[in-house]
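What follows is a single structure, written as structure tokens, with notes after it.
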2 protein chains.
Amino acid sequence: MITIKDIADRAGVSYATVSRALNNRSDVSSNTRKLIMDLAVEMGYQPNAIARSLVKRKSMNIALVVPDVSNPFFADITMAVNSAAEKAGYTTMVCNTGWDPQKEQEKLRIMVEQRVDGIILKPTGFFKPEILEAYNVPIIVLWHAGEDDLSYIEVDHEAGSRMAVKHLVDRGYKRIAYIGGQETSPANQIRLLAYQQTLQENGLKADPKLISFGGFSLESGYERFGQMTKLQQPPDAVFCSNDIIALGVLQYAREHEIPVPAKLGIIGFDDINYASLPQINLSTVSQPRDKLGEQALNALIHEMESFPERTRQRILVAPELKVRSTT
Amino acid sequence: MITIKDIADRAGVSYATVSRALNNRSDVSSNTRKLIMDLAVEMGYQPNAIARSLVKRKSMNIALVVPDVSNPFFADITMAVNSAAEKAGYTTMVCNTGWDPQKEQEKLRIMVEQRVDGIILKPTGFFKPEILEAYNVPIIVLWHAGEDDLSYIEVDHEAGSRMAVKHLVDRGYKRIAYIGGQETSPANQIRLLAYQQTLQENGLKADPKLISFGGFSLESGYERFGQMTKLQQPPDAVFCSNDIIALGVLQYAREHEIPVPAKLGIIGFDDINYASLPQINLSTVSQPRDKLGEQALNALIHEMESFPERTRQRILVAPELKVRSTT
DNA sequence: CTGAAAGCGCTAACAA
DNA sequence: TTGTTAGCGCTTTCAG
């Protein structure tokens with residue numbers, strides 16, 4: 001590969017001058033600059049980012065560590081972060097943790113070794129902030145805020161749940177069920193609470209029989225909704241903790257000829273890509289991935305600029321209600 | 001950040017010794033090794049991959065350049081490449097070109113600057129192999145083979161098309177239409193030819209009225225199939241160039257109450273993630289993304305090992321027929 | 001405006 | 001077994 005020394009030799013100048021010219025610095029005569037520029041093109045010179053990073057102590061790379069990029073949700077986040085990073089002159093390294101906390105640690109370590117200038121992390125599960133702080137690198141966590149020194153960004157689950165439930169109430173549904181995720185997950189708890197409060201605020205009572213926790217799968221939604229239909233007073237609407245669960249409910253309704261939305265309102269959470277397919281057309285609370293990604297990057301840049309001081313940002317991104325044909 | 005010099009100072013040895021110990025080399029006494037190892041952990045040492053890359057002239061990074069990672073197809077490929085790379089000790093840098101040839105060039109340039117050890121590229125459109133060869137970096141192209149010196153890998157479009165058409169024939173359909181992509185695209189041409197040949201081999205004639213080219217969108221499939229139903233002899237089955245088009249056809253059939261698969265067989269190509277949803281359940285020719293990704297990485301490693309000599313690999317990955325409820 | 005020289009953090013000869 | 005030294009390719013003082 002061609003180096004600045006090669007160019008310097010051909011140009012008959014020192015390689016410091018080549019560096020200056022190539023970096024558009026003012027203290028080079030326009031003659032030498034032009035000579036060097038032309039030579040660089042002619043010789044097919046490609047700057048060595050590694051060498052530059054070493055001396056500048058800045059790689060202009062950032063890391064995005066997510067559980068699974070093939071998950072449409074993270075894929076969208078990846079796109080958003082990527083394009084925002086690009087605009088800011090950064091290159092993104094994407095890592096998959098496969099929902100495995102150990103692999104997450106491993107990936108973070110590798111990214112630190114790669115000397116990325118900052119990290120955006122979607123943790124796989126409960127995690128110890130101390131570990132992240134110890135890495136001593138600017139970091140933004142896609143997660144609910146903790147009492148530690150890290151910066152967080154996430155969608156406003158409370159507002160989203162309120163939107164969904166209020167919408168169902170407004171549509172005239174009376175027995176609104178909640179089919180959630182893992183009972184202990186913080187996001188689930190926030191959503192559940194908002195669900196209960198919104199019902200009460202609208203003069204409806206939250207029937208514990210209409211609340212269910214479980215897995216985030218289509219089968220789980222199908223199964224759990226099926227159980228509820230056997231109640232003496234079955235639900236006439238369901239707020240699901242994510243779209244996959246809602247898809248399971250929808251599936252059950254189709255198979256058992258329950259007319260949607262006439263006899264059953266269904267609303268999901270996330271707005272995954274196929275929610276909007278004509279065959280599905282699911283009403284849902286959209287997590288705006290583009291905004292999440294973009295704001296995460298902006299927050300990271302802020303964090304990087306004031307590093308090693310932590311900016312301790314707590315950002316909530318507003319969700320959007322997508323009313324489609326299931327409500 | 002802690003460097004090997006810091007450790008050397010504390011250990012009272014030269015930093016070369018620290019380097020040796022940290023790299024598990026045999027020529028270090030077990031005493032000093034242990035001392036250094038312990039110190040490294042205690043001091044929270046993280047090796048600097050950038051410095052190592054500079055001296056080793058090998059970054060242990062590879063690039064994956066695709067049009068759009070949020071497209072489920074590329075997301076799956078990304079996952080597969082990623083995990084294969086990881087096993088081989090490489091970190092992957094993923095770039096999006098947004099289907100823009102100019103951006104593709106830009107991204108490739110950036111990856112060369114980053115001194116990745118190799119590149120896996122899914123080109124956005126017709127591209128000039130000379131440009132890639134000029135970059136002088138090991139590269140694998142996800143594309144049909146050209147007459148140049150690059151290595152290629154892709155799914156066997158011909159075999160896939162044959163599978164699909166043969167399957168429709170076996171199911172008893174007689175007037176099988178082809179709703180393809182852009183007429184000039186090579187993949188489209190291969191598929192079209194295989195479609196025609198398979199029909200002939202099975203004693204059916206290919207009616208030009210049943211052949212259509214156009215965009216890769218749901219609307220396009222809906223629209224083009226709608227036209228065909230107005231023929232004097234409309235098709236009783238459709239082979240679509242991708243699943244999105246097939247979805248459009250399916251949509252049209254539902255709206256016009258054409259029973260599928262009784263009066264209309266539909267088969268797509270790609271097996272995108274939602275093809276298997278119970279609500280869709282589309283028969284399709286699956287491009288095994290996991291195999292594509294993994295084999296691409298293996299091919300790349302091969303290419304890197306024999307670089308600068310080009311290995312000129314031409315790899316076809318066998319597709320799989322997924323028979324679901326639309327045929 | 002340009003050159004010389006130091007050094008980013010590390011590996012890899014070559015000596016000792 | 002260890003230390004010394006010379007770089008990897010580049011940026012950045014500091015002189016000139």
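If you're wondering about the labels, chains in the structure tokens are A, B, ... by order shown, residues count from 1 in each chain, ligands from 1 in order shown.
The list of chain C residues within 8 Å of chain A is DC1, DT2, DG3, DC8 and DG9 of chain C; this uses only C-alpha atoms (C1' of nucleotides).
Interface residues of chain D facing chain B, defined by any atom at most 8 Å away and using only C-alpha atoms (C1' of nucleotides), are DT1, DT2, DG3, DC8 and DG9 of chain D.
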For this session: Could you please tell me, as a ChimeraX atom specification, which residues of chain B have an atom within 9 Å of chain A when using only C-alpha atoms?
Result: /B:1,44,46-51,53-54,59,68-79,82-83,91-96,109-110,112-115,134-136,247,251,274,278-280
For this session: Determine which residues of range 3-196 of chain A DSSP labels as strand (DSSP E or B) from the backbone of this structure, then write them out as a ChimeraX atom specification.
Result: /A:61-66,91-96,118-121,139-142,151-155,176-179
Exercise. Could you name the residues that touch Gln313 in chain A at 10 Å or less, counting only C-alpha atoms (C1' of nucleotides), but leaving out those on the same chain fewer than 6 positions away, as a VMD selection string?
Worked result: chain A and resid 140 to 141 145 149 to 153 299 to 300 302 to 303
Seminar exercise, completed: Taken to one decimal, the CA of Gln189 in chain A-CA of Gly172 in chain A distance is 25.2 Å
For this session: Considering only C-alpha atoms (C1' of nucleotides), return as a list in words whatever protein or nucleic-acid residues lie within 12 Å of DA13 in chain C, sequence-local ones (same chain, fewer than 2 positions apart) excluded.
Result: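 Surrounding residues, per the criterion: Ala16 of chain B; DT11 and DA15 of chain C; DT4, DT5, DA6 and DG7 of chain D.
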Restricted to C-alpha atoms (C1' of nucleotides), what would the selected residues look like written as a PDB file, in the first residue's frame?
```pdb
ATOM      1  CA  ALA B  16       8.876  -6.136  25.530  1.00  0.00           C
TER       2      ALA B  16
ATOM      3  C1'  DT C  11       5.409  -6.466  17.977  1.00  0.00           C
ATOM      4  C1'  DA C  15      21.631  -9.133  21.384  1.00  0.00           C
TER       5       DA C  15
ATOM      6  C1'  DT D   4      17.368  -2.987  23.458  1.00  0.00           C
ATOM      7  C1'  DT D   5      15.998  -1.267  19.363  1.00  0.00           C
ATOM      8  C1'  DA D   6      13.744  -0.484  15.211  1.00  0.00           C
ATOM      9  C1'  DG D   7       9.867   0.244  13.160  1.00  0.00           C
TER      10       DG D   7
END
```
For this session: Work out how far apart CA of Arg289 in chain B and CA of Glu104 in chain B are and give it in Å to one decimal.
Result: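 Straight-line distance from CA of Arg289 in chain B to CA of Glu104 in chain B works out to 21.5 Å.
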Problem set entry | Per-residue DSSP, range 48-272 of chain B, filtered to helix (DSSP H, G or I), as number ranges by chain | B: 49-56, 72-87, 101-113, 129-135, 157-170, 186-201, 208-210, 218-229, 243-255
For this session: Give me the residues within 9 Å of Ile120 in chain A as a VMD selection string, counting only C-alpha atoms (C1' of nucleotides) and dropping any in the same chain fewer than 4 places off.
Result: chain A and resid 62 to 66 81 138 to 142 296 to 297 300
For this session: Just give me the gap between CA of Arg162 in chain A and CA of Leu316 in chain A in Å, one decimal is fine.
Result: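 Result for CA of Arg162 in chain A versus CA of Leu316 in chain A: 14.9 Å, one decimal.
Closest approach to Asp117 in chain B among B:Glu219, B:Glu133, B:Glu305, B:Asp9: B:Glu305, based on only C-alpha atoms.
Taking only C-alpha atoms (C1' of nucleotides), the non-local environment of Ala159 in chain B within 9 Å (same-chain residues fewer than 4 positions away omitted) comprises Val155, Met163, Ala164, Arg191, Ala194, Ala318 and Pro319 of chain B.
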With C-alpha atoms retained, export the selected residues as a CSV table (one decimal), in the first residue's frame.
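And here's out_4.csv as it stands now:
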```
chain,number,residue,atom,x,y,z
B,155,VAL,CA,-27.9,-18.6,-4.5
B,163,MET,CA,-37.9,-26.1,-8.2
B,164,ALA,CA,-40.6,-23.6,-8.0
B,191,ARG,CA,-34.9,-17.1,-13.4
B,194,ALA,CA,-35.2,-21.6,-16.1
B,318,ALA,CA,-28.5,-24.5,-3.2
B,319,PRO,CA,-31.9,-23.0,-2.4
```
Exercise. Counting only C-alpha atoms (C1' of nucleotides), what is within 12 Å of Ser161 in chain B, bar same-chain residues fewer than 2 positions away, as a PyMOL selection string?
Worked result: chain B and resi 155-159+163-168+178+180+187-199+238-242+267-270+284-287+318-321
